[in-house]
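Visitor: Okay, here's the structure, questions in a sec.
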Amino acid sequence: MFETAKRRQPLWLLAELTYKCPLQCPYCSNPLDFASAGQELTTEQWIDVFRQARKMGAAQLGFSGGEPLVRQDLEILIAEARRLGYYTNLITSGIGLNAQRIAHFHDAGLDHIQVSFQASDEEVNQMLSGSAKAFAQKLKMAREVKAQGYPMVLNFVTHRHNIDQIDRIIELCVELEADYVELATCQYYGWAFENREALLPTRAQLERAERITNEYRERLAAQGHPIKLIFVTPDYYEERPKKCMNGWGELFLTVTPDGTALPCHSARMLPLTFPNVKDHSLSHIWNDSEGFNYFRGKGWMKEPCRSCDEQDDDLGGCRCQAYMLTGDMHNADPVCAKSEHHSLIVEARLAAEGDVSTAMTFRNERNSRVFFKG
Ligand code: FES
């Protein structure tokens, strides 16, 4: 069943340094039971992971979480990653950042900082993040990142509650002199899946947001503005699935705070065994473990994927989405209109057109305990 002959390299290493986070976004992609994760890797253990992955060909290293700034050894990890020759990227909410820390990151050789926002105004930002001070801090830090010579890269996760403010979000980005803006419509994993009903926008909301983004893009380009607006549509309004992670175990390697190695950030929910970097070498994990080999190639496919003439385009879509929605991780991703479970997606879209509950479960330790298994 497994296909192992092809030579693959984990080009992109994502180091989820911690699940600790001062915010509580209801669309966080961290696992629902994150609070049950084991002890975080030490500085030395992380550096060893970086060293092993670099030897195997990894070129890009993302620091994320939770909030990676919570780790007091972040400067050390960045410096070591740089010394090993990685291109490094920090994905942060900006909470816990200050001018001095940015300067330290710069000295340590950090290449890139992405600051995430919840909304374009304080009120919605506070409702989503659970912090009254977060918005002002994010604005300050976005400006500081730019002042210290980094390109300003902003990320807005859009959904039902903020997508109608897309024009204000773009205006804010222009005012901040952002270079790259990711307007990423929420994808439904982790806490976002739990809160899907309250977060999924309607088709009309989505189409309006895309149209407005295109209009801004044209207008700003005509004015010679260098800002790049990247609009990401949610799977739920597509008829074909995405080639998730560019193929299972092809390029991406995620290491979670406790050292569990995954082919994607959500895979821990699947009924598979995933190895831990504390117990195995990265080479064994990448090349020989069940978790990384299971969905490589196409031998695992069932119908309709098995005989589909588009199977190379999407490799059956996202395994985590197939499992979350159908209970069988071997099924075609239900986003695909050829899937017998596609009605689940259509029903979710239809539900978004009606009166939906606005109640949300916020991502915090207390709520996470409810999802502990066993
Ligand atoms: Fe896990 Fe798509 S997020 S395979």
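Just remember, in the structure tokens the first chain shown is A, the second B, etc., residues are 1-based per chain, and ligands are 1-based in the order shown.
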As a PyMOL selection string, please: the residues near A:Leu282 (cut-off 7 Å, only C-alpha atoms, same-chain neighbours under 3 positions excluded).

Guide: chain A and resi 52-53+277+285-286

Visitor: Would you list the residues that come within 10 Å of ligand 1? Count only C-alpha atoms and all ligand atoms and give the answer as an mmCIF file with all heavy atoms, in the first residue's frame.

Guide:
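Result saved to pocket.cif:
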```cif
data_model
loop_
_atom_site.group_PDB
_atom_site.id
_atom_site.type_symbol
_atom_site.label_atom_id
_atom_site.label_comp_id
_atom_site.auth_asym_id
_atom_site.auth_seq_id
_atom_site.Cartn_x
_atom_site.Cartn_y
_atom_site.Cartn_z
ATOM 1 N N SER A 29 -6.174 27.263 14.334
ATOM 2 C CA SER A 29 -6.079 25.923 13.727
ATOM 3 C C SER A 29 -5.394 24.911 14.650
ATOM 4 O O SER A 29 -5.247 23.744 14.286
ATOM 5 C CB SER A 29 -5.339 26.002 12.389
ATOM 6 O OG SER A 29 -4.030 26.474 12.612
ATOM 7 N N GLN A 187 -10.159 28.789 7.049
ATOM 8 C CA GLN A 187 -10.298 27.378 6.681
ATOM 9 C C GLN A 187 -10.734 26.637 7.947
ATOM 10 O O GLN A 187 -10.329 27.014 9.046
ATOM 11 C CB GLN A 187 -8.982 26.808 6.145
ATOM 12 C CG GLN A 187 -8.468 27.525 4.903
ATOM 13 C CD GLN A 187 -9.256 27.193 3.628
ATOM 14 O OE1 GLN A 187 -10.301 26.553 3.665
ATOM 15 N NE2 GLN A 187 -8.757 27.664 2.497
ATOM 16 N N TYR A 188 -11.520 25.592 7.765
ATOM 17 C CA TYR A 188 -12.208 25.031 8.936
ATOM 18 C C TYR A 188 -11.515 23.799 9.510
ATOM 19 O O TYR A 188 -11.897 22.664 9.239
ATOM 20 C CB TYR A 188 -13.695 24.832 8.597
ATOM 21 C CG TYR A 188 -14.284 26.194 8.319
ATOM 22 C CD1 TYR A 188 -14.374 26.677 7.027
ATOM 23 C CD2 TYR A 188 -14.610 27.037 9.379
ATOM 24 C CE1 TYR A 188 -14.814 27.969 6.785
ATOM 25 C CE2 TYR A 188 -15.056 28.330 9.144
ATOM 26 C CZ TYR A 188 -15.145 28.786 7.852
ATOM 27 O OH TYR A 188 -15.551 30.071 7.625
ATOM 28 N N TYR A 189 -10.499 24.090 10.321
ATOM 29 C CA TYR A 189 -9.742 23.079 11.058
ATOM 30 C C TYR A 189 -9.717 23.501 12.524
ATOM 31 O O TYR A 189 -9.890 24.679 12.833
ATOM 32 C CB TYR A 189 -8.298 23.008 10.539
ATOM 33 C CG TYR A 189 -8.203 22.579 9.101
ATOM 34 C CD1 TYR A 189 -8.193 23.508 8.082
ATOM 35 C CD2 TYR A 189 -8.151 21.234 8.769
ATOM 36 C CE1 TYR A 189 -8.135 23.117 6.756
ATOM 37 C CE2 TYR A 189 -8.093 20.831 7.453
ATOM 38 C CZ TYR A 189 -8.087 21.778 6.440
ATOM 39 O OH TYR A 189 -8.038 21.377 5.140
ATOM 40 N N GLY A 190 -9.455 22.562 13.397
ATOM 41 C CA GLY A 190 -9.278 22.885 14.814
ATOM 42 C C GLY A 190 -10.464 23.658 15.368
ATOM 43 O O GLY A 190 -11.627 23.266 15.217
ATOM 44 N N PRO A 241 -11.184 20.016 -4.639
ATOM 45 C CA PRO A 241 -10.380 20.252 -3.432
ATOM 46 C C PRO A 241 -8.980 20.754 -3.762
ATOM 47 O O PRO A 241 -8.535 20.680 -4.900
ATOM 48 C CB PRO A 241 -10.310 18.857 -2.808
ATOM 49 C CG PRO A 241 -10.418 17.914 -3.950
ATOM 50 C CD PRO A 241 -11.254 18.594 -4.997
ATOM 51 N N LYS A 242 -8.312 21.249 -2.728
ATOM 52 C CA LYS A 242 -6.919 21.682 -2.912
ATOM 53 C C LYS A 242 -5.979 20.481 -2.788
ATOM 54 O O LYS A 242 -6.327 19.476 -2.154
ATOM 55 C CB LYS A 242 -6.555 22.722 -1.856
ATOM 56 C CG LYS A 242 -6.699 22.227 -0.414
ATOM 57 C CD LYS A 242 -6.393 23.315 0.571
ATOM 58 C CE LYS A 242 -6.533 22.857 2.009
ATOM 59 N NZ LYS A 242 -7.858 22.837 2.578
ATOM 60 N N LYS A 243 -4.822 20.595 -3.402
ATOM 61 C CA LYS A 243 -3.780 19.566 -3.230
ATOM 62 C C LYS A 243 -3.115 19.883 -1.899
ATOM 63 O O LYS A 243 -2.149 20.657 -1.846
ATOM 64 C CB LYS A 243 -2.790 19.680 -4.391
ATOM 65 C CG LYS A 243 -1.804 18.554 -4.509
ATOM 66 C CD LYS A 243 -0.933 18.826 -5.724
ATOM 67 C CE LYS A 243 -0.143 17.624 -6.142
ATOM 68 N NZ LYS A 243 0.621 17.900 -7.371
ATOM 69 N N CYS A 244 -3.688 19.325 -0.849
ATOM 70 C CA CYS A 244 -3.329 19.785 0.495
ATOM 71 C C CYS A 244 -1.850 19.551 0.792
ATOM 72 O O CYS A 244 -1.305 18.485 0.529
ATOM 73 C CB CYS A 244 -4.196 19.094 1.540
ATOM 74 S SG CYS A 244 -4.304 20.087 3.032
ATOM 75 N N MET A 245 -1.185 20.567 1.327
ATOM 76 C CA MET A 245 0.243 20.536 1.675
ATOM 77 C C MET A 245 1.107 20.191 0.452
ATOM 78 O O MET A 245 2.216 19.728 0.590
ATOM 79 C CB MET A 245 0.545 19.526 2.798
ATOM 80 C CG MET A 245 -0.354 19.594 3.993
ATOM 81 S SD MET A 245 -0.684 21.252 4.613
ATOM 82 C CE MET A 245 0.896 21.709 5.272
ATOM 83 N N ASN A 246 0.530 20.367 -0.735
ATOM 84 C CA ASN A 246 1.224 19.988 -1.971
ATOM 85 C C ASN A 246 1.558 18.497 -2.015
ATOM 86 O O ASN A 246 2.526 18.073 -2.644
ATOM 87 C CB ASN A 246 2.493 20.830 -2.141
ATOM 88 C CG ASN A 246 2.837 21.040 -3.589
ATOM 89 O OD1 ASN A 246 1.939 21.240 -4.410
ATOM 90 N ND2 ASN A 246 4.097 20.945 -3.926
ATOM 91 N N GLY A 247 0.722 17.739 -1.338
ATOM 92 C CA GLY A 247 0.945 16.285 -1.276
ATOM 93 C C GLY A 247 1.453 15.884 0.105
ATOM 94 O O GLY A 247 2.321 16.542 0.670
ATOM 95 N N TRP A 248 0.882 14.831 0.607
ATOM 96 C CA TRP A 248 1.194 14.318 1.965
ATOM 97 C C TRP A 248 2.652 13.865 2.035
ATOM 98 O O TRP A 248 3.091 13.029 1.242
ATOM 99 C CB TRP A 248 0.263 13.141 2.217
ATOM 100 C CG TRP A 248 0.375 12.457 3.528
ATOM 101 C CD1 TRP A 248 1.232 11.438 3.850
ATOM 102 C CD2 TRP A 248 -0.405 12.705 4.699
ATOM 103 N NE1 TRP A 248 1.021 11.037 5.135
ATOM 104 C CE2 TRP A 248 0.012 11.801 5.686
ATOM 105 C CE3 TRP A 248 -1.439 13.604 5.008
ATOM 106 C CZ2 TRP A 248 -0.546 11.765 6.954
ATOM 107 C CZ3 TRP A 248 -1.997 13.558 6.271
ATOM 108 C CH2 TRP A 248 -1.549 12.652 7.224
ATOM 109 N N GLY A 249 3.395 14.447 2.975
ATOM 110 C CA GLY A 249 4.784 14.014 3.151
ATOM 111 C C GLY A 249 5.663 14.292 1.940
ATOM 112 O O GLY A 249 6.621 13.565 1.687
ATOM 113 N N LEU A 262 4.512 15.799 12.182
ATOM 114 C CA LEU A 262 3.300 15.626 11.378
ATOM 115 C C LEU A 262 3.536 16.082 9.936
ATOM 116 O O LEU A 262 4.287 17.033 9.702
ATOM 117 C CB LEU A 262 2.158 16.486 11.956
ATOM 118 C CG LEU A 262 1.745 16.253 13.405
ATOM 119 C CD1 LEU A 262 0.755 17.339 13.840
ATOM 120 C CD2 LEU A 262 1.132 14.878 13.578
ATOM 121 N N PRO A 263 2.832 15.468 8.971
ATOM 122 C CA PRO A 263 2.922 15.931 7.578
ATOM 123 C C PRO A 263 2.097 17.204 7.336
ATOM 124 O O PRO A 263 2.236 17.829 6.307
ATOM 125 C CB PRO A 263 2.345 14.764 6.767
ATOM 126 C CG PRO A 263 2.114 13.669 7.744
ATOM 127 C CD PRO A 263 2.036 14.255 9.098
ATOM 128 N N CYS A 264 1.204 17.551 8.267
ATOM 129 C CA CYS A 264 0.468 18.813 8.185
ATOM 130 C C CYS A 264 0.068 19.176 9.608
ATOM 131 O O CYS A 264 0.067 18.314 10.491
ATOM 132 C CB CYS A 264 -0.782 18.672 7.309
ATOM 133 S SG CYS A 264 -2.083 17.731 8.106
ATOM 134 N N HIS A 265 -0.289 20.433 9.821
ATOM 135 C CA HIS A 265 -0.513 20.900 11.194
ATOM 136 C C HIS A 265 -1.732 20.256 11.856
ATOM 137 O O HIS A 265 -1.849 20.271 13.073
ATOM 138 C CB HIS A 265 -0.649 22.424 11.203
ATOM 139 C CG HIS A 265 -1.795 22.906 10.374
ATOM 140 N ND1 HIS A 265 -1.774 22.884 9.001
ATOM 141 C CD2 HIS A 265 -3.004 23.379 10.722
ATOM 142 C CE1 HIS A 265 -2.920 23.333 8.543
ATOM 143 N NE2 HIS A 265 -3.695 23.639 9.563
ATOM 144 N N SER A 266 -2.641 19.670 11.060
ATOM 145 C CA SER A 266 -3.872 19.116 11.645
ATOM 146 C C SER A 266 -3.864 17.602 11.800
ATOM 147 O O SER A 266 -4.789 17.032 12.377
ATOM 148 C CB SER A 266 -5.071 19.474 10.752
ATOM 149 O OG SER A 266 -5.253 20.841 10.721
ATOM 150 N N ALA A 267 -2.856 16.948 11.266
ATOM 151 C CA ALA A 267 -2.901 15.481 11.122
ATOM 152 C C ALA A 267 -3.022 14.717 12.438
ATOM 153 O O ALA A 267 -3.421 13.549 12.439
ATOM 154 C CB ALA A 267 -1.671 15.003 10.361
ATOM 155 N N ARG A 268 -2.712 15.372 13.546
ATOM 156 C CA ARG A 268 -2.747 14.637 14.813
ATOM 157 C C ARG A 268 -4.135 14.076 15.130
ATOM 158 O O ARG A 268 -4.283 13.134 15.898
ATOM 159 C CB ARG A 268 -2.262 15.534 15.947
ATOM 160 C CG ARG A 268 -1.957 14.747 17.201
ATOM 161 C CD ARG A 268 -0.745 15.221 17.916
ATOM 162 N NE ARG A 268 -1.043 16.400 18.700
ATOM 163 C CZ ARG A 268 -0.214 16.894 19.604
ATOM 164 N NH1 ARG A 268 0.940 16.324 19.826
ATOM 165 N NH2 ARG A 268 -0.538 17.951 20.273
ATOM 166 N N MET A 269 -5.164 14.660 14.538
ATOM 167 C CA MET A 269 -6.531 14.177 14.797
ATOM 168 C C MET A 269 -6.809 12.836 14.120
ATOM 169 O O MET A 269 -7.772 12.163 14.446
ATOM 170 C CB MET A 269 -7.551 15.198 14.279
ATOM 171 C CG MET A 269 -7.665 15.189 12.777
ATOM 172 S SD MET A 269 -9.047 16.126 12.196
ATOM 173 C CE MET A 269 -8.257 17.593 11.653
ATOM 174 N N LEU A 270 -5.964 12.459 13.139
ATOM 175 C CA LEU A 270 -6.255 11.262 12.342
ATOM 176 C C LEU A 270 -5.920 9.988 13.117
ATOM 177 O O LEU A 270 -5.010 9.985 13.956
ATOM 178 C CB LEU A 270 -5.444 11.295 11.041
ATOM 179 C CG LEU A 270 -5.705 12.496 10.126
ATOM 180 C CD1 LEU A 270 -4.784 12.466 8.917
ATOM 181 C CD2 LEU A 270 -7.161 12.547 9.696
ATOM 182 N N PHE A 295 -0.206 8.213 3.372
ATOM 183 C CA PHE A 295 -0.937 8.818 2.243
ATOM 184 C C PHE A 295 -0.021 9.301 1.129
ATOM 185 O O PHE A 295 -0.422 10.130 0.313
ATOM 186 C CB PHE A 295 -1.828 9.967 2.737
ATOM 187 C CG PHE A 295 -3.046 9.493 3.489
ATOM 188 C CD1 PHE A 295 -3.225 9.823 4.824
ATOM 189 C CD2 PHE A 295 -4.013 8.721 2.863
ATOM 190 C CE1 PHE A 295 -4.347 9.387 5.520
ATOM 191 C CE2 PHE A 295 -5.142 8.278 3.550
ATOM 192 C CZ PHE A 295 -5.310 8.611 4.884
ATOM 193 N N GLY A 316 -6.774 13.837 -4.294
ATOM 194 C CA GLY A 316 -7.922 13.490 -3.439
ATOM 195 C C GLY A 316 -8.259 14.549 -2.411
ATOM 196 O O GLY A 316 -9.178 14.384 -1.617
ATOM 197 N N GLY A 317 -7.485 15.652 -2.405
ATOM 198 C CA GLY A 317 -7.775 16.742 -1.469
ATOM 199 C C GLY A 317 -7.194 16.493 -0.087
ATOM 200 O O GLY A 317 -6.233 15.740 0.073
ATOM 201 N N CYS A 318 -7.826 17.113 0.895
ATOM 202 C CA CYS A 318 -7.280 17.138 2.248
ATOM 203 C C CYS A 318 -7.748 15.920 3.054
ATOM 204 O O CYS A 318 -8.944 15.683 3.198
ATOM 205 C CB CYS A 318 -7.745 18.434 2.913
ATOM 206 S SG CYS A 318 -7.294 18.539 4.624
ATOM 207 N N ARG A 319 -6.777 15.179 3.581
ATOM 208 C CA ARG A 319 -7.099 13.974 4.379
ATOM 209 C C ARG A 319 -7.783 14.373 5.695
ATOM 210 O O ARG A 319 -8.645 13.655 6.205
ATOM 211 C CB ARG A 319 -5.815 13.164 4.687
ATOM 212 C CG ARG A 319 -5.081 12.562 3.479
ATOM 213 C CD ARG A 319 -5.938 11.637 2.674
ATOM 214 N NE ARG A 319 -6.698 12.351 1.681
ATOM 215 C CZ ARG A 319 -7.969 12.130 1.389
ATOM 216 N NH1 ARG A 319 -8.648 11.208 2.010
ATOM 217 N NH2 ARG A 319 -8.602 12.829 0.487
ATOM 218 N N CYS A 320 -7.358 15.481 6.270
ATOM 219 C CA CYS A 320 -7.940 15.890 7.554
ATOM 220 C C CYS A 320 -9.400 16.311 7.353
ATOM 221 O O CYS A 320 -10.259 15.993 8.170
ATOM 222 C CB CYS A 320 -7.125 17.028 8.161
ATOM 223 S SG CYS A 320 -5.430 16.531 8.500
ATOM 224 N N GLN A 321 -9.643 17.020 6.253
ATOM 225 C CA GLN A 321 -11.024 17.453 5.978
ATOM 226 C C GLN A 321 -11.928 16.243 5.695
ATOM 227 O O GLN A 321 -13.075 16.192 6.135
ATOM 228 C CB GLN A 321 -11.028 18.400 4.794
ATOM 229 C CG GLN A 321 -12.279 19.224 4.683
ATOM 230 C CD GLN A 321 -11.972 20.621 4.186
ATOM 231 O OE1 GLN A 321 -11.936 21.542 4.981
ATOM 232 N NE2 GLN A 321 -11.750 20.766 2.904
ATOM 233 N N ALA A 322 -11.381 15.260 4.947
ATOM 234 C CA ALA A 322 -12.152 14.044 4.674
ATOM 235 C C ALA A 322 -12.529 13.365 5.992
ATOM 236 O O ALA A 322 -13.665 12.929 6.189
ATOM 237 C CB ALA A 322 -11.344 13.097 3.792
ATOM 238 N N TYR A 323 -11.570 13.297 6.906
ATOM 239 C CA TYR A 323 -11.822 12.629 8.187
ATOM 240 C C TYR A 323 -12.805 13.426 9.056
ATOM 241 O O TYR A 323 -13.760 12.854 9.603
ATOM 242 C CB TYR A 323 -10.495 12.438 8.926
ATOM 243 C CG TYR A 323 -10.658 11.718 10.236
ATOM 244 C CD1 TYR A 323 -11.020 10.371 10.268
ATOM 245 C CD2 TYR A 323 -10.463 12.388 11.444
ATOM 246 C CE1 TYR A 323 -11.176 9.703 11.478
ATOM 247 C CE2 TYR A 323 -10.621 11.725 12.654
ATOM 248 C CZ TYR A 323 -10.981 10.387 12.669
ATOM 249 O OH TYR A 323 -11.138 9.737 13.861
ATOM 250 N N MET A 329 -10.823 8.757 6.706
ATOM 251 C CA MET A 329 -9.753 9.594 6.131
ATOM 252 C C MET A 329 -9.356 9.155 4.726
ATOM 253 O O MET A 329 -8.583 9.843 4.060
ATOM 254 C CB MET A 329 -8.534 9.591 7.063
ATOM 255 C CG MET A 329 -7.929 8.239 7.292
ATOM 256 S SD MET A 329 -6.543 8.349 8.452
ATOM 257 C CE MET A 329 -6.089 6.613 8.560
ATOM 258 N N ASP A 333 -11.950 14.173 -0.405
ATOM 259 C CA ASP A 333 -12.297 15.395 0.323
ATOM 260 C C ASP A 333 -13.694 15.823 -0.149
ATOM 261 O O ASP A 333 -13.919 16.010 -1.352
ATOM 262 C CB ASP A 333 -11.243 16.456 -0.040
ATOM 263 C CG ASP A 333 -11.407 17.765 0.701
ATOM 264 O OD1 ASP A 333 -12.521 18.049 1.163
ATOM 265 O OD2 ASP A 333 -10.406 18.490 0.793
#
```

Visitor: I'd like the contact shell of stretch 145-152 of chain A - 7 Å cut-off, only C-alpha atoms, skipping same-chain residues fewer than 4 positions apart - returned as a CSV table (one decimal) with N, CA, C and O atoms, in the first residue's frame.

Guide:
```
chain,number,residue,atom,x,y,z
A,102,ILE,N,12.4,43.1,18.5
A,102,ILE,CA,12.6,43.0,17.0
A,102,ILE,C,14.0,43.3,16.6
A,102,ILE,O,14.6,42.6,15.7
A,112,HIS,N,12.1,37.4,8.1
A,112,HIS,CA,10.7,37.8,7.7
A,112,HIS,C,9.8,37.7,9.0
A,112,HIS,O,9.9,36.7,9.7
A,141,MET,N,3.3,47.4,16.5
A,141,MET,CA,4.3,46.5,16.2
A,141,MET,C,4.5,46.3,14.7
A,141,MET,O,5.6,46.1,14.2
A,178,ALA,N,1.7,48.6,4.2
A,178,ALA,CA,2.0,47.1,4.1
A,178,ALA,C,2.6,46.8,2.8
A,178,ALA,O,2.2,47.4,1.8
A,179,ASP,N,3.4,45.8,2.7
A,179,ASP,CA,4.0,45.3,1.4
A,179,ASP,C,3.2,44.1,0.9
A,179,ASP,O,2.9,44.1,-0.3
A,180,TYR,N,2.9,43.2,1.8
A,180,TYR,CA,2.1,42.0,1.4
A,180,TYR,C,1.0,41.9,2.4
A,180,TYR,O,1.2,41.9,3.6
```

Visitor: Mind giving me the straight-line distance from atom CA of A:Tyr19 to atom CA of A:Glu75 in Å, one decimal?

Guide: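 About the pair atom CA of A:Tyr19 and atom CA of A:Glu75: they are 18.0 Å apart.
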
Visitor: Stretch 200-285 of chain A: which residues are alpha helix (DSSP H) by DSSP, as a PyMOL selection string?

Guide: chain A and resi 203-222+282-285

Visitor: Once DSSP has gone over the backbone, tell me which residues of stretch 139-338 of chain A are in strand (DSSP E), as a PyMOL selection string.

Guide: chain A and resi 153-158+180-185+228-232+252-255+261-262

Visitor: Let me see the file: selected residues, N, CA, C and O atoms, as a compact mmCIF listing (two decimals), in the first residue's frame.

Guide:
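Saved to selection_3.txt:
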```txt
# COMPACT_ATOMS: atom_id res chain seq x y z
N VAL A 153 4.42 42.40 6.40
CA VAL A 153 3.58 41.30 5.92
C VAL A 153 2.46 41.12 6.94
O VAL A 153 2.71 40.81 8.10
N LEU A 154 1.23 41.37 6.50
CA LEU A 154 0.09 41.28 7.42
C LEU A 154 -0.82 40.14 6.98
O LEU A 154 -0.93 39.83 5.80
N ASN A 155 -1.44 39.54 7.97
CA ASN A 155 -2.38 38.46 7.69
C ASN A 155 -3.70 38.76 8.39
O ASN A 155 -3.71 39.02 9.59
N PHE A 156 -4.77 38.79 7.64
CA PHE A 156 -6.11 38.93 8.21
C PHE A 156 -6.87 37.65 7.91
O PHE A 156 -7.04 37.30 6.74
N VAL A 157 -7.34 36.97 8.94
CA VAL A 157 -8.22 35.82 8.70
C VAL A 157 -9.63 36.40 8.59
O VAL A 157 -10.10 37.06 9.51
N THR A 158 -10.26 36.19 7.44
CA THR A 158 -11.60 36.76 7.27
C THR A 158 -12.67 35.68 7.41
O THR A 158 -12.43 34.51 7.15
N TYR A 180 2.88 43.21 1.82
CA TYR A 180 2.10 42.02 1.44
C TYR A 180 0.97 41.85 2.43
O TYR A 180 1.18 41.95 3.64
N VAL A 181 -0.22 41.58 1.92
CA VAL A 181 -1.36 41.35 2.81
C VAL A 181 -2.04 40.06 2.39
O VAL A 181 -2.43 39.90 1.22
N GLU A 182 -2.17 39.15 3.33
CA GLU A 182 -2.90 37.92 3.05
C GLU A 182 -4.30 38.08 3.62
O GLU A 182 -4.45 38.22 4.84
N LEU A 183 -5.28 38.11 2.73
CA LEU A 183 -6.69 38.17 3.16
C LEU A 183 -7.18 36.73 3.06
O LEU A 183 -7.70 36.31 2.02
N ALA A 184 -6.96 35.99 4.12
CA ALA A 184 -7.16 34.54 4.05
C ALA A 184 -8.51 34.18 4.65
O ALA A 184 -8.71 34.29 5.86
N THR A 185 -9.44 33.78 3.82
CA THR A 185 -10.73 33.37 4.35
C THR A 185 -10.51 32.12 5.20
O THR A 185 -9.79 31.21 4.81
N LYS A 228 0.86 44.22 -2.22
CA LYS A 228 0.36 43.00 -2.89
C LYS A 228 -0.77 42.44 -2.02
O LYS A 228 -0.55 42.13 -0.84
N LEU A 229 -1.95 42.32 -2.60
CA LEU A 229 -3.10 41.78 -1.86
C LEU A 229 -3.34 40.35 -2.32
O LEU A 229 -3.57 40.10 -3.51
N ILE A 230 -3.27 39.45 -1.39
CA ILE A 230 -3.48 38.03 -1.73
C ILE A 230 -4.81 37.59 -1.11
O ILE A 230 -4.98 37.68 0.11
N PHE A 231 -5.74 37.17 -1.93
CA PHE A 231 -7.08 36.78 -1.46
C PHE A 231 -7.19 35.26 -1.50
O PHE A 231 -7.02 34.65 -2.55
N VAL A 232 -7.48 34.66 -0.37
CA VAL A 232 -7.56 33.19 -0.32
C VAL A 232 -9.01 32.80 -0.08
O VAL A 232 -9.60 33.15 0.95
N PHE A 252 6.32 19.31 3.29
CA PHE A 252 6.10 19.94 4.59
C PHE A 252 6.34 18.98 5.74
O PHE A 252 5.93 17.82 5.69
N LEU A 253 6.95 19.53 6.76
CA LEU A 253 7.17 18.79 7.99
C LEU A 253 6.86 19.74 9.14
O LEU A 253 7.47 20.81 9.25
N THR A 254 5.88 19.37 9.95
CA THR A 254 5.52 20.18 11.11
C THR A 254 5.99 19.45 12.36
O THR A 254 5.78 18.24 12.48
N VAL A 255 6.60 20.18 13.26
CA VAL A 255 6.92 19.59 14.56
C VAL A 255 6.15 20.39 15.61
O VAL A 255 6.25 21.62 15.68
N ALA A 261 5.88 14.76 15.24
CA ALA A 261 6.15 15.20 13.87
C ALA A 261 4.95 14.84 13.00
O ALA A 261 4.44 13.72 13.06
N LEU A 262 4.51 15.80 12.18
CA LEU A 262 3.30 15.63 11.38
C LEU A 262 3.54 16.08 9.94
O LEU A 262 4.29 17.03 9.70
```

Visitor: If we count only C-alpha atoms, what is near A:Leu69 at a cut-off of 12 Å, once residues fewer than 5 positions away on the same chain are taken out, given as a PyMOL selection string?

Guide: chain A and resi 16-22+63-64+74-75+77-78+90-98+101-102+105+113+115

Visitor: Quick one: pull the distance between atom CA of A:Ser343 and atom CA of A:Phe292, Å, one decimal.

Guide: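 Result for atom CA of A:Ser343 versus atom CA of A:Phe292: 30.0 Å, one decimal.
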
Visitor: Given the choices A:Leu14, A:Leu32, A:Leu84, A:Leu350, which gets closest to A:Ile47 if the distance is worked out from only C-alpha atoms?

Guide: A:Leu84

Visitor: Please identify all polymer residues within 9 Å of A:Arg82, counting only C-alpha atoms, omitting same-chain residues fewer than 3 positions from it, and present them as an MDAnalysis selection string.

Guide: chainID A and resid 77:79 85:88 108:111
